[in-house]
Every structure is written in C-alpha cells, then in structure tokens.
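Below is input-v6.tsv, holding TSV, C-alpha atoms.
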```
chain	number	residue	atom	x	y	z
A	2	MET	CA	84.86	112.32	73.25
A	3	LYS	CA	85.02	115.94	72.08
A	4	ALA	CA	84.98	117.14	75.69
A	5	ALA	CA	88.35	115.48	76.19
A	6	LYS	CA	89.95	118.22	74.10
A	7	THR	CA	89.47	120.69	76.95
A	8	ILE	CA	91.06	118.51	79.63
A	9	ALA	CA	94.37	119.98	80.74
A	10	SER	CA	94.48	119.31	84.47
A	11	PHE	CA	94.29	116.44	86.91
A	12	ALA	CA	91.30	118.04	88.61
A	13	GLU	CA	89.33	117.52	85.41
A	14	ILE	CA	90.43	113.89	85.26
A	15	ARG	CA	89.41	113.28	88.87
A	16	ALA	CA	86.02	114.90	88.25
A	17	LEU	CA	85.18	112.07	85.83
A	18	LEU	CA	85.54	109.28	88.39
A	19	PRO	CA	82.31	109.70	90.41
A	20	ALA	CA	80.18	109.49	87.24
A	21	LEU	CA	81.64	106.29	85.79
A	22	PRO	CA	78.81	103.94	84.79
A	23	ALA	CA	78.39	100.50	86.30
A	24	VAL	CA	77.96	97.21	84.50
A	25	ASP	CA	74.49	96.43	83.14
A	26	ASP	CA	73.23	93.98	85.76
A	27	LEU	CA	70.22	92.94	83.69
A	28	ALA	CA	72.41	92.05	80.73
A	29	VAL	CA	74.64	90.01	83.05
A	30	GLU	CA	71.63	88.17	84.48
A	31	ILE	CA	70.24	87.33	81.04
A	32	ALA	CA	73.63	86.13	79.81
A	33	ARG	CA	74.14	83.92	82.85
A	34	GLU	CA	70.68	82.47	82.46
A	35	ARG	CA	71.41	81.60	78.84
A	36	GLN	CA	74.70	79.96	79.84
A	37	SER	CA	72.81	77.73	82.26
A	38	LYS	CA	70.57	76.45	79.46
A	39	LEU	CA	73.20	75.70	76.80
A	40	THR	CA	73.91	72.08	75.84
A	41	LYS	CA	76.94	71.55	78.05
A	42	PRO	CA	77.71	70.82	81.68
A	43	ALA	CA	77.78	73.95	83.81
A	44	GLY	CA	81.17	75.62	83.53
A	45	ALA	CA	82.40	73.22	80.85
A	46	LEU	CA	83.67	76.05	78.63
A	47	GLY	CA	85.65	77.52	81.50
A	48	ARG	CA	86.60	81.16	81.13
A	49	LEU	CA	84.92	81.41	77.74
A	50	GLU	CA	81.67	81.50	79.70
A	51	GLU	CA	82.99	84.26	81.96
A	52	VAL	CA	84.13	86.26	78.95
A	53	ALA	CA	80.74	86.06	77.23
A	54	VAL	CA	78.92	87.27	80.35
A	55	TRP	CA	81.49	90.05	80.87
A	56	LEU	CA	81.04	91.24	77.30
A	57	ALA	CA	77.25	91.22	77.58
A	58	GLY	CA	77.35	93.17	80.83
A	59	TRP	CA	79.62	95.93	79.58
A	60	GLN	CA	78.09	96.11	76.13
A	61	GLY	CA	74.70	96.24	77.83
A	62	ARG	CA	73.08	93.89	75.36
A	63	ASN	CA	72.27	90.31	74.59
A	64	PRO	CA	73.59	88.69	72.59
A	65	PRO	CA	77.10	90.16	72.97
A	66	SER	CA	79.16	90.63	69.83
A	67	VAL	CA	82.73	91.02	68.63
A	68	GLU	CA	81.92	92.24	65.14
A	69	ARG	CA	83.81	95.50	65.46
A	70	PRO	CA	86.98	95.02	67.54
A	71	TYR	CA	89.31	98.00	67.55
A	72	ALA	CA	93.02	98.14	68.36
A	73	ALA	CA	94.57	101.40	69.54
A	74	VAL	CA	98.36	101.49	69.77
A	75	PHE	CA	99.96	104.55	71.36
A	76	ALA	CA	103.60	105.35	70.64
A	77	GLY	CA	105.85	107.57	72.76
A	78	ASN	CA	109.52	108.17	73.44
A	79	HIS	CA	111.18	108.26	76.85
A	80	GLY	CA	114.11	110.36	78.04
A	81	ILE	CA	115.32	107.48	80.20
A	82	ALA	CA	116.17	105.60	76.98
A	83	GLU	CA	119.34	107.67	76.78
A	84	LYS	CA	120.62	105.77	79.83
A	85	GLY	CA	120.86	102.54	77.82
A	86	VAL	CA	118.02	100.65	79.52
A	87	SER	CA	116.95	99.03	76.24
A	88	ALA	CA	118.72	96.85	73.70
A	89	TYR	CA	117.43	99.17	70.97
A	90	PRO	CA	117.87	102.91	70.33
A	91	ALA	CA	114.95	105.32	70.73
A	92	ALA	CA	114.83	105.77	66.94
A	93	VAL	CA	113.19	102.32	66.73
A	94	THR	CA	109.94	103.77	68.09
A	95	THR	CA	109.47	105.92	64.99
A	96	GLN	CA	110.67	103.12	62.73
A	97	MET	CA	108.15	100.71	64.22
A	98	VAL	CA	105.33	103.21	63.79
A	99	SER	CA	106.19	103.22	60.08
A	100	ASN	CA	106.15	99.43	60.16
A	101	PHE	CA	102.65	99.47	61.67
A	102	ILE	CA	101.48	101.86	58.97
A	103	ASP	CA	103.04	99.68	56.26
A	104	GLY	CA	101.37	96.56	57.67
A	105	GLY	CA	104.57	94.71	58.57
A	106	ALA	CA	104.23	94.22	62.34
A	107	ALA	CA	102.82	91.31	64.30
A	108	VAL	CA	99.80	93.34	65.36
A	109	ASN	CA	98.91	93.97	61.71
A	110	GLN	CA	98.71	90.24	61.03
A	111	LEU	CA	96.65	89.59	64.14
A	112	CYS	CA	94.26	92.46	63.40
A	113	SER	CA	93.78	91.06	59.90
A	114	LEU	CA	93.03	87.63	61.35
A	115	ALA	CA	90.54	89.08	63.84
A	116	ASN	CA	89.01	91.48	61.28
A	117	ALA	CA	89.87	94.36	63.61
A	118	ASP	CA	90.52	98.01	62.86
A	119	LEU	CA	93.98	99.26	63.87
A	120	ARG	CA	94.84	102.85	64.71
A	121	VAL	CA	98.33	104.02	65.67
A	122	TYR	CA	98.66	107.24	67.67
A	123	GLU	CA	102.00	109.04	67.72
A	124	MET	CA	102.69	110.96	70.92
A	125	ALA	CA	105.19	113.72	70.04
A	126	LEU	CA	107.91	111.22	69.13
A	127	GLU	CA	110.34	114.02	68.34
A	128	GLU	CA	110.08	115.24	71.94
A	129	PRO	CA	110.91	112.47	74.42
A	130	THR	CA	109.63	112.83	77.96
A	131	GLY	CA	112.05	113.97	80.64
A	132	ASP	CA	114.51	111.45	82.04
A	133	PHE	CA	112.52	110.53	85.14
A	134	SER	CA	115.64	109.46	87.02
A	135	GLU	CA	116.63	113.15	87.02
A	136	THR	CA	113.39	115.12	86.59
A	137	ALA	CA	109.66	114.59	86.09
A	138	ALA	CA	108.74	112.83	82.85
A	139	MET	CA	105.96	115.36	82.17
A	140	ASP	CA	104.35	118.42	83.67
A	141	GLU	CA	100.70	118.22	84.69
A	142	GLU	CA	99.32	119.83	81.54
A	143	ASP	CA	101.34	117.58	79.25
A	144	CYS	CA	100.23	114.48	81.13
A	145	ALA	CA	96.57	115.51	81.27
A	146	LYS	CA	96.57	116.35	77.56
A	147	ALA	CA	98.10	112.96	76.77
A	148	MET	CA	95.29	111.34	78.77
A	149	ALA	CA	92.75	113.42	76.85
A	150	TYR	CA	94.33	112.35	73.57
A	151	GLY	CA	93.88	108.73	74.60
A	152	MET	CA	90.27	109.41	75.50
A	153	MET	CA	89.55	110.65	72.00
A	154	ALA	CA	90.66	107.31	70.57
A	155	VAL	CA	87.51	105.65	71.94
A	156	GLU	CA	85.10	105.80	69.02
A	157	SER	CA	81.40	104.99	69.15
A	158	GLY	CA	80.21	101.59	68.03
A	159	ILE	CA	83.29	99.63	69.14
A	160	ASP	CA	82.52	96.13	70.45
A	161	VAL	CA	85.80	95.79	72.31
A	162	LEU	CA	88.86	98.02	72.58
A	163	ALA	CA	92.30	96.36	72.49
A	164	LEU	CA	94.95	98.67	73.91
A	165	GLY	CA	98.68	98.53	73.26
A	166	GLU	CA	101.83	100.64	73.14
A	167	MET	CA	105.13	101.15	71.42
A	168	GLY	CA	108.02	103.00	73.00
A	169	ILE	CA	111.64	102.11	73.55
A	170	ALA	CA	112.31	102.05	77.33
A	171	ASN	CA	108.65	101.78	78.27
A	172	THR	CA	109.21	98.64	80.33
A	173	THR	CA	111.49	100.81	82.47
A	174	ALA	CA	108.66	103.32	82.79
A	175	ALA	CA	106.24	100.51	83.61
A	176	ALA	CA	108.57	99.23	86.34
A	177	ALA	CA	108.93	102.75	87.73
A	178	LEU	CA	105.14	103.22	87.74
A	179	CYS	CA	104.65	99.95	89.62
A	180	CYS	CA	107.40	100.76	92.09
A	181	GLY	CA	105.90	104.22	92.63
A	182	LEU	CA	102.38	102.85	93.10
A	183	TYR	CA	103.11	99.73	95.15
A	184	GLY	CA	106.56	100.12	96.66
A	185	GLY	CA	109.39	97.65	96.76
A	186	LYS	CA	112.70	97.93	94.95
A	187	GLY	CA	113.42	98.43	91.28
A	188	ALA	CA	114.73	94.87	91.12
A	189	ASP	CA	111.24	93.65	92.08
A	190	TRP	CA	109.70	95.22	88.99
A	191	VAL	CA	112.26	95.35	86.16
A	192	GLY	CA	112.90	92.68	83.56
A	193	PRO	CA	114.94	92.12	80.40
A	194	GLY	CA	112.56	94.13	78.23
A	195	THR	CA	113.90	93.99	74.69
A	196	GLY	CA	116.61	91.55	75.75
A	197	ILE	CA	119.21	93.33	77.88
A	198	ASP	CA	121.79	91.38	79.87
A	199	ALA	CA	122.04	91.06	83.65
A	200	VAL	CA	124.45	93.99	84.02
A	201	ARG	CA	122.21	96.40	82.18
A	202	MET	CA	119.15	95.05	83.99
A	203	ALA	CA	120.83	95.83	87.32
A	204	GLU	CA	121.44	99.38	86.09
A	205	LYS	CA	117.82	99.58	84.98
A	206	ALA	CA	116.74	98.63	88.51
A	207	ARG	CA	119.12	101.18	90.02
A	208	LEU	CA	117.67	103.94	87.85
A	209	VAL	CA	114.15	102.99	88.93
A	210	ASP	CA	115.23	103.18	92.57
A	211	GLN	CA	116.85	106.55	91.92
A	212	ALA	CA	113.69	107.85	90.26
A	213	VAL	CA	111.38	106.69	93.04
A	214	ALA	CA	113.65	108.26	95.65
A	215	LEU	CA	113.77	111.53	93.68
A	216	HIS	CA	109.98	111.80	93.38
A	217	GLY	CA	109.11	110.05	96.63
A	218	ASP	CA	107.35	112.94	98.34
A	219	ALA	CA	104.71	113.13	95.56
A	220	LEU	CA	104.03	109.45	95.03
A	221	GLY	CA	100.92	109.27	97.21
A	222	ASP	CA	98.89	110.54	94.26
A	223	PRO	CA	98.53	108.04	91.37
A	224	LEU	CA	98.30	110.82	88.77
A	225	GLU	CA	101.52	112.33	90.09
A	226	VAL	CA	103.12	108.89	89.78
A	227	LEU	CA	102.00	108.81	86.16
A	228	ARG	CA	103.29	112.25	85.24
A	229	ARG	CA	106.60	111.87	87.06
A	230	LEU	CA	107.47	108.26	86.19
A	231	GLY	CA	105.37	107.40	83.15
A	232	GLY	CA	105.25	108.42	79.52
A	233	ARG	CA	102.86	110.02	77.08
A	234	GLU	CA	101.76	106.73	75.56
A	235	LEU	CA	101.08	105.31	79.02
A	236	ALA	CA	99.08	108.40	79.97
A	237	ALA	CA	97.10	108.02	76.74
A	238	ILE	CA	96.30	104.40	77.63
A	239	ALA	CA	95.10	105.51	81.07
A	240	GLY	CA	92.87	108.08	79.37
A	241	ALA	CA	91.53	105.50	76.93
A	242	VAL	CA	90.66	103.19	79.84
A	243	LEU	CA	88.64	106.00	81.43
A	244	ALA	CA	86.87	106.96	78.21
A	245	ALA	CA	86.02	103.34	77.44
A	246	ARG	CA	84.43	103.04	80.88
A	247	MET	CA	82.39	106.19	80.24
A	248	ALA	CA	81.21	104.63	76.97
A	249	ARG	CA	80.66	101.17	78.55
A	250	THR	CA	83.13	99.67	76.07
A	251	PRO	CA	84.92	96.47	77.18
A	252	VAL	CA	88.71	96.77	77.15
A	253	LEU	CA	91.46	94.23	76.60
A	254	LEU	CA	94.75	95.32	78.13
A	255	ASP	CA	97.94	94.09	76.49
A	256	GLY	CA	101.07	93.29	78.49
A	257	TYR	CA	103.17	94.84	81.25
A	258	ALA	CA	103.38	98.47	80.14
A	259	CYS	CA	99.71	98.63	79.17
A	260	THR	CA	98.59	97.07	82.45
A	261	ALA	CA	100.85	99.44	84.42
A	262	ALA	CA	99.09	102.38	82.75
A	263	ALA	CA	95.69	100.96	83.71
A	264	ALA	CA	96.98	100.39	87.26
A	265	VAL	CA	97.10	104.17	87.67
A	266	ILE	CA	93.31	104.26	87.18
A	267	HIS	CA	92.92	101.26	89.49
A	268	ALA	CA	94.89	103.14	92.15
A	269	LEU	CA	92.44	106.05	91.86
A	270	ASP	CA	89.45	103.70	92.15
A	271	PRO	CA	89.82	99.89	92.06
A	272	ALA	CA	86.36	99.50	90.51
A	273	ALA	CA	87.24	101.85	87.66
A	274	ILE	CA	88.86	99.08	85.62
A	275	ASP	CA	86.15	96.44	86.09
A	276	HIS	CA	85.42	96.79	82.36
A	277	CYS	CA	89.00	95.68	81.59
A	278	MET	CA	90.40	92.20	81.13
A	279	VAL	CA	94.12	91.51	80.88
A	280	SER	CA	94.77	89.58	77.69
A	281	HIS	CA	97.97	87.73	78.54
A	282	VAL	CA	100.75	87.35	81.09
A	283	SER	CA	103.85	89.07	79.82
A	284	ALA	CA	107.21	87.34	80.05
A	285	GLU	CA	108.33	90.45	81.95
A	286	PRO	CA	108.45	89.18	85.56
A	287	GLY	CA	106.92	92.33	87.01
A	288	HIS	CA	103.67	91.70	85.18
A	289	LYS	CA	102.71	88.72	87.36
A	290	HIS	CA	103.31	90.81	90.48
A	291	LEU	CA	101.20	93.60	89.02
A	292	LEU	CA	98.30	91.28	88.19
A	293	GLN	CA	98.24	90.17	91.81
A	294	ARG	CA	98.14	93.79	92.95
A	295	ILE	CA	95.18	94.72	90.77
A	296	GLY	CA	93.34	91.41	91.24
A	297	LYS	CA	93.28	90.38	87.58
A	298	GLU	CA	93.85	86.97	86.01
A	299	ALA	CA	95.11	87.12	82.44
A	300	LEU	CA	93.29	85.13	79.79
A	301	VAL	CA	96.39	83.33	78.46
A	302	ASP	CA	100.08	82.89	79.18
A	303	LEU	CA	102.01	82.45	75.94
A	304	GLY	CA	105.34	83.88	77.05
A	305	MET	CA	104.81	86.96	74.87
A	306	ARG	CA	106.60	90.26	75.52
A	307	LEU	CA	106.20	92.18	72.29
A	308	GLY	CA	103.72	94.88	73.22
A	309	GLU	CA	101.99	96.72	70.35
A	310	ALA	CA	98.62	95.14	71.39
A	311	SER	CA	99.77	91.77	70.03
A	312	GLY	CA	98.61	89.84	73.09
A	313	ALA	CA	95.37	91.79	73.20
A	314	MET	CA	94.62	90.84	69.61
A	315	VAL	CA	95.23	87.16	70.36
A	316	ALA	CA	92.68	87.58	73.14
A	317	VAL	CA	90.18	89.10	70.68
A	318	LEU	CA	90.18	85.72	68.95
A	319	LEU	CA	89.28	84.11	72.27
A	320	LEU	CA	86.46	86.61	72.70
A	321	LYS	CA	85.15	85.67	69.28
A	322	ALA	CA	85.19	82.02	70.34
A	323	ALA	CA	83.33	82.84	73.55
A	324	VAL	CA	80.66	84.81	71.70
A	325	ALA	CA	80.26	82.15	68.99
A	326	CYS	CA	79.53	79.50	71.62
A	327	HIS	CA	77.33	81.77	73.75
A	328	ASN	CA	75.22	82.96	70.85
A	329	GLY	CA	75.25	79.92	68.56
A	330	MET	CA	74.90	76.90	70.82
A	331	ALA	CA	71.47	75.36	71.22
A	332	THR	CA	69.74	75.25	74.57
A	333	PHE	CA	68.70	71.91	76.06
A	334	ASP	CA	65.09	72.57	75.05
A	335	GLU	CA	66.00	73.59	71.51
A	336	ALA	CA	68.14	70.52	70.97
A	337	GLY	CA	65.83	68.09	72.71
A	338	VAL	CA	68.63	67.12	75.07
A	339	SER	CA	68.08	66.33	78.74
A	340	GLY	CA	69.26	69.02	81.10
A	341	PRO	CA	71.57	68.77	84.08
A	342	ALA	CA	68.97	67.06	86.23
A	343	GLY	CA	69.53	63.91	84.15
A	344	VAL	CA	65.95	63.65	82.90
A	345	SER	CA	65.74	61.45	79.81
A	346	GLY	CA	65.30	63.25	76.52
A	347	PRO	CA	62.97	62.36	73.64
A	348	ASP	CA	65.05	59.32	72.65
A	349	GLY	CA	65.59	58.13	76.21
A	350	VAL	CA	69.20	59.38	76.20
A	351	SER	CA	70.42	61.22	79.27
A	352	GLY	CA	71.93	64.69	78.89
A	353	PRO	CA	75.55	65.80	79.24
A	354	ASP	CA	75.66	65.52	83.02
A	355	GLY	CA	74.30	62.02	82.97
A	356	GLY	CA	76.12	60.75	79.87
A	357	ALA	CA	79.57	59.48	79.16
```

Entire entry expressed as structure tokens:
Amino acid sequence: MKAAKTIASFAEIRALLPALPAVDDLAVEIARERQSKLTKPAGALGRLEEVAVWLAGWQGRNPPSVERPYAAVFAGNHGIAEKGVSAYPAAVTTQMVSNFIDGGAAVNQLCSLANADLRVYEMALEEPTGDFSETAAMDEEDCAKAMAYGMMAVESGIDVLALGEMGIANTTAAAALCCGLYGGKGADWVGPGTGIDAVRMAEKARLVDQAVALHGDALGDPLEVLRRLGGRELAAIAGAVLAARMARTPVLLDGYACTAAAAVIHALDPAAIDHCMVSHVSAEPGHKHLLQRIGKEALVDLGMRLGEASGAMVAVLLLKAAVACHNGMATFDEAGVSGPAGVSGPDGVSGPDGGA
C-alpha cells in the first residue's frame, strides 16, 4: 500500500470508496456447492459453514486457507485519559507495547497457538491526542495520516487479518465514537473498561456527553466523528479495514474499540465492511448495541474485554476449524455414503439425514 503514504486528507480517503471490490461470487458459489456435498446434514456445522464460504469469497479462491493469519495491533494514547476514565495510567500503553514485543501478553500466546504473525504499531505514544471533551482529538491531516499508516499494515499474501488495539482510555473513545455516530447518551455506550467503579463510570459518561455536545455541529460526517472523538490507533484500524477491502483480505475485528473504528467505515458505506467478521462480543455493554447497529453477529461470546486482538486470535482458531472441515471432509460420493435424499449407499446403509 505504498500509495497510502501520500494520503493526508479526508477527500483522498473518500475517493477510495467507489472503487472497493466486491466479493468473488464464483468462489462463493463453488464453496456453497461443496458444502452441500460434504458428509453431514445441511447446516450441521452451523456457522463454521458460513465462515468457510465467507473466507472463500473474500480470498477469491477454493479451497480457502488460514495458513498465514496476521495480527496487527495498533497502540495510541488519548488525552482524555488525564480525566481519570481508566483504572490505569496512560503510561501502561507504552509498557504493554513492550510486553507485546517481549512476548508476555495474551495475544502473544494466542498468536503462537494459531501460528500467526504479530505486528505491533506504535502511534506517537509520546504525543497523546487532544482531550476530546475540550477540543478535537486530531486535526484532519493527523487523522488521515493515521488511517494511511493503518493501510500500510495490510501486507500481500495474508489469509486473514486480525485487528486489535492497545490504548488506555480507548473504551471512552469508542463510546464517544458510537455516541457521535448513532446518538443516545454517554450512559448508553460507556462501560467499566479496565474496571472502574460506578462513580467513575458516571463521570466517563458525562465526559462523553460533553464531548458530543462540543462537537455536535460536525458529527454528520463519520470521518469528522473519527478525528474529533477517536484516537490514532482507532483511525489506523479504520484505514486497515479499507486497505484490506482493497486487497480482498478477510478481516476479523476484535472487541468494542476495534468494532467502533470499523463502524466509521460502515457509516460511510454499510457494504464497505462486508469483508469483516466480528470475532467476539465484548463484556463492554456498548458492544452489543454497536453490533445491532452495524448488523453483525459475533462469532463467540466469552465475556472477554482485553483488547489487543485477543478475541480476534481466538476466532482465528475457529476459522482454522472451519477450513479444516470444508477442505478435508469427504463428499457423499467420495465416501460412498448416501446423500440427503436418503438413497441407500453401497452397503445398504442410509446417509446422515436418514440415519440415527
């Protein structure tokens, strides 16, 4: 994505939208046809079947594969953190980046299990964004450049891109983004984040309301919502989502903050995130509301709220399971098993739909 280096305005971001490629319909058709012939009742593998077809369609090939999964974790600091909206100080962002590099975080263990590459992208950690309850988080150039930086993280040859983030106070930014995009009150979108109590959560909601009121006149434009209420790591995720679509790379979104970043692209064009699946339902209450808004059903609900692409990497393991079944199972003809019509097979034994 060398061209991304020149992007420094929202006009350049918007110019990409009309040219976004569609899913490969032929690959989808072939994958669905294969699913119908595998030795199982139709739909018996549930969403694993959906996942295999989705992968084939966006990879544009059959069989689909998850041989080269790639996790991109973007880290940024937020000015709003100074208002005490998190249980941890902003310095933890930098400390956790070091932990990722040293291999000590949850995402490192999950990437190792999934045989996935992990890249961590630091977004000017020494320069937090503006406190969006008092001013815009970023100016347009800063936001557009952060999106471009995220675009450059999409390398060629990736089977699936797992996106995640690290940034103290980014659940506050996620709540502000959702409130700016969809309305409501701060209390509708905030949650405990890193584990704050009810008093601090009420203050977190008040700050979101204050921010939305401050920037209200500009919130009809999703990119303005992002620059005023978001953060650099969230802008980078939005850029990565766009670049992955341009490359026809399937994307797994992590939890609340990651999905809120992708929601900015959805608000520009709802079809622009068709290549994305949401990996898990965050324990942050706003995430369920957000999934309803963007029409996505998460793959699992494990009560996770860690971020750092941890939920997305768990979902990579599910993708591997889906692909293993899709590619490795025998068809009815290959196995000599009667198909769903109940016709007796070679040994006079009825197939799965007519058996026990």

Return as a tab-separated table the residues of segment 41-77 of chain A lying at most 9 Å from segment 102-115 of chain A, together with the closest atom-to-atom pair for each and the distance in Å to one decimal, counting all atoms listed in the file, with rows in chain order and ascending residue number.
```
residue	atom	partner	partner_atom	distance
A:Pro70	CA	A:Ala115	CA	7.9
A:Tyr71	CA	A:Cys112	CA	8.5
A:Ala72	CA	A:Cys112	CA	7.6
```

Between A:Val226, A:Leu318, A:Val191, A:Ala325, which one has atoms that come closest to Leu253 of chain A, using only C-alpha atoms?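 Among the listed residues, the smallest separation from Leu253 of chain A belongs to A:Leu318.
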
Show me, as a Markdown table, the residues of segment 42-94 of chain A having an atom within 12 Å of segment 275-292 of chain A, each with the closest atom pair and its distance in Å, using all atoms listed in the file.
```
| residue | atom | partner | partner_atom | distance |
| --- | --- | --- | --- | --- |
| A:Arg48 | CA | A:Met278 | CA | 11.7 |
| A:Glu51 | CA | A:Met278 | CA | 10.9 |
| A:Val52 | CA | A:Met278 | CA | 8.9 |
| A:Val54 | CA | A:His276 | CA | 11.7 |
| A:Trp55 | CA | A:His276 | CA | 7.9 |
| A:Leu56 | CA | A:His276 | CA | 8.7 |
| A:Ala57 | CA | A:His276 | CA | 11.0 |
| A:Gly58 | CA | A:His276 | CA | 9.0 |
| A:Trp59 | CA | A:His276 | CA | 6.5 |
| A:Gln60 | CA | A:His276 | CA | 9.6 |
| A:Gly61 | CA | A:His276 | CA | 11.7 |
```

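Close contacts of segment 147-159 of chain A, defined as residues with an atom at most 6 Å away when counting all atoms listed in the file, with chain neighbours fewer than 4 positions off set aside, comprise Met2, Ala5, Arg69, Arg233, Ala236, Ala237, Ile238, Gly240, Ala241 and Ala244 of chain A.
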
Taking all atoms listed in the file into account, name the residue in A:Leu230, A:Lys205, A:Asn78, A:Leu319 that is nearest to Val93 of chain A. A:Asn78

Enumerate, in order of chain and increasing residue number, the residues of segment 10-127 of chain A with an atom no farther than 12 Å from segment 262-268 of chain A, each with its shortest atom pair and distance in Å to one decimal, counting only C-alpha atoms, as CSV.
```
residue,atom,partner,partner_atom,distance
A:Ile14,CA,A:Ile266,CA,10.2
A:Arg15,CA,A:Ile266,CA,10.0
A:Leu17,CA,A:Ile266,CA,11.4
A:Leu18,CA,A:Ile266,CA,9.3
A:Leu21,CA,A:Ile266,CA,11.9
A:Phe75,CA,A:Ala262,CA,11.6
```

At what distance in Å, to one decimal, does atom CA of Leu182 of chain A lie from atom CA of Glu234 of chain A?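 Between atom CA of Glu234 of chain A and atom CA of Leu182 of chain A the gap is 18.0 Å.
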
Specify the axis-aligned box that encloses all atoms of segment 120-136 of chain A listed in the file after padding of 4 Å on each side, stating its centre and edge lengths in Å to one decimal as JSON.
```
{"center_x": 105.7, "center_y": 109.0, "center_z": 75.9, "size_x": 29.8, "size_y": 20.4, "size_z": 30.3}
```

So what do you get for atom CA of Ala272 of chain A versus atom CA of Gly296 of chain A, distance-wise? 10.7 Å

Between atom CA of Ala323 of chain A and atom CA of Leu303 of chain A, what distance in Å does the model show, to one decimal?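 These atoms are spaced 18.8 Å apart.
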
Nearest to Glu309 of chain A: which of A:Gln211, A:Asn328, A:Asn100, A:Asn116 is it, counting all atoms listed in the file?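 Using all atoms listed in the file, the shortest distance to Glu309 of chain A belongs to A:Asn100.
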
Need to verify the contact set: Pro193 of chain A, 9 Å, only C-alpha atoms, exclusion of same-chain residues closer than 5 positions in sequence. Can you return it as number ranges by chain? A: 87, 172, 198-199, 201-202, 285-286

Once you count all atoms listed in the file, what closest atom pair and distance in Å to one decimal does each residue of segment 75-112 of chain A within 6 Å of segment 119-143 of chain A have, with rows by chain and rising residue number, as a tab-separated table?
```
residue	atom	partner	partner_atom	distance
A:Phe75	CA	A:Tyr122	CA	4.7
A:Ala76	CA	A:Glu123	CA	5.0
A:Gly77	CA	A:Met124	CA	5.0
A:Asn78	CA	A:Pro129	CA	4.6
A:His79	CA	A:Pro129	CA	4.9
A:Gly80	CA	A:Asp132	CA	4.2
A:Ile81	CA	A:Asp132	CA	4.5
```

Please determine, counting all atoms listed in the file, which residue among A:Ser10, A:Ser99, A:Asn63, A:Thr195 has the shortest atom-to-atom distance to Val86 of chain A.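 Using all atoms listed in the file, Val86 of chain A sits closest to A:Thr195.
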
Given only C-alpha atoms as the counted atoms, nearest of A:Gly187, A:Pro22, A:Gly329, A:Pro223 to Pro65 of chain A: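 Ranking A:Gly187, A:Pro22, A:Gly329, A:Pro223 by distance to Pro65 of chain A, first place goes to A:Gly329.
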
Pro64 of chain A surroundings by only C-alpha atoms, 9 Å radius, close-in-sequence under 4 positions cut, as a ChimeraX atom specification: /A:28,32,53,57,324,327-328
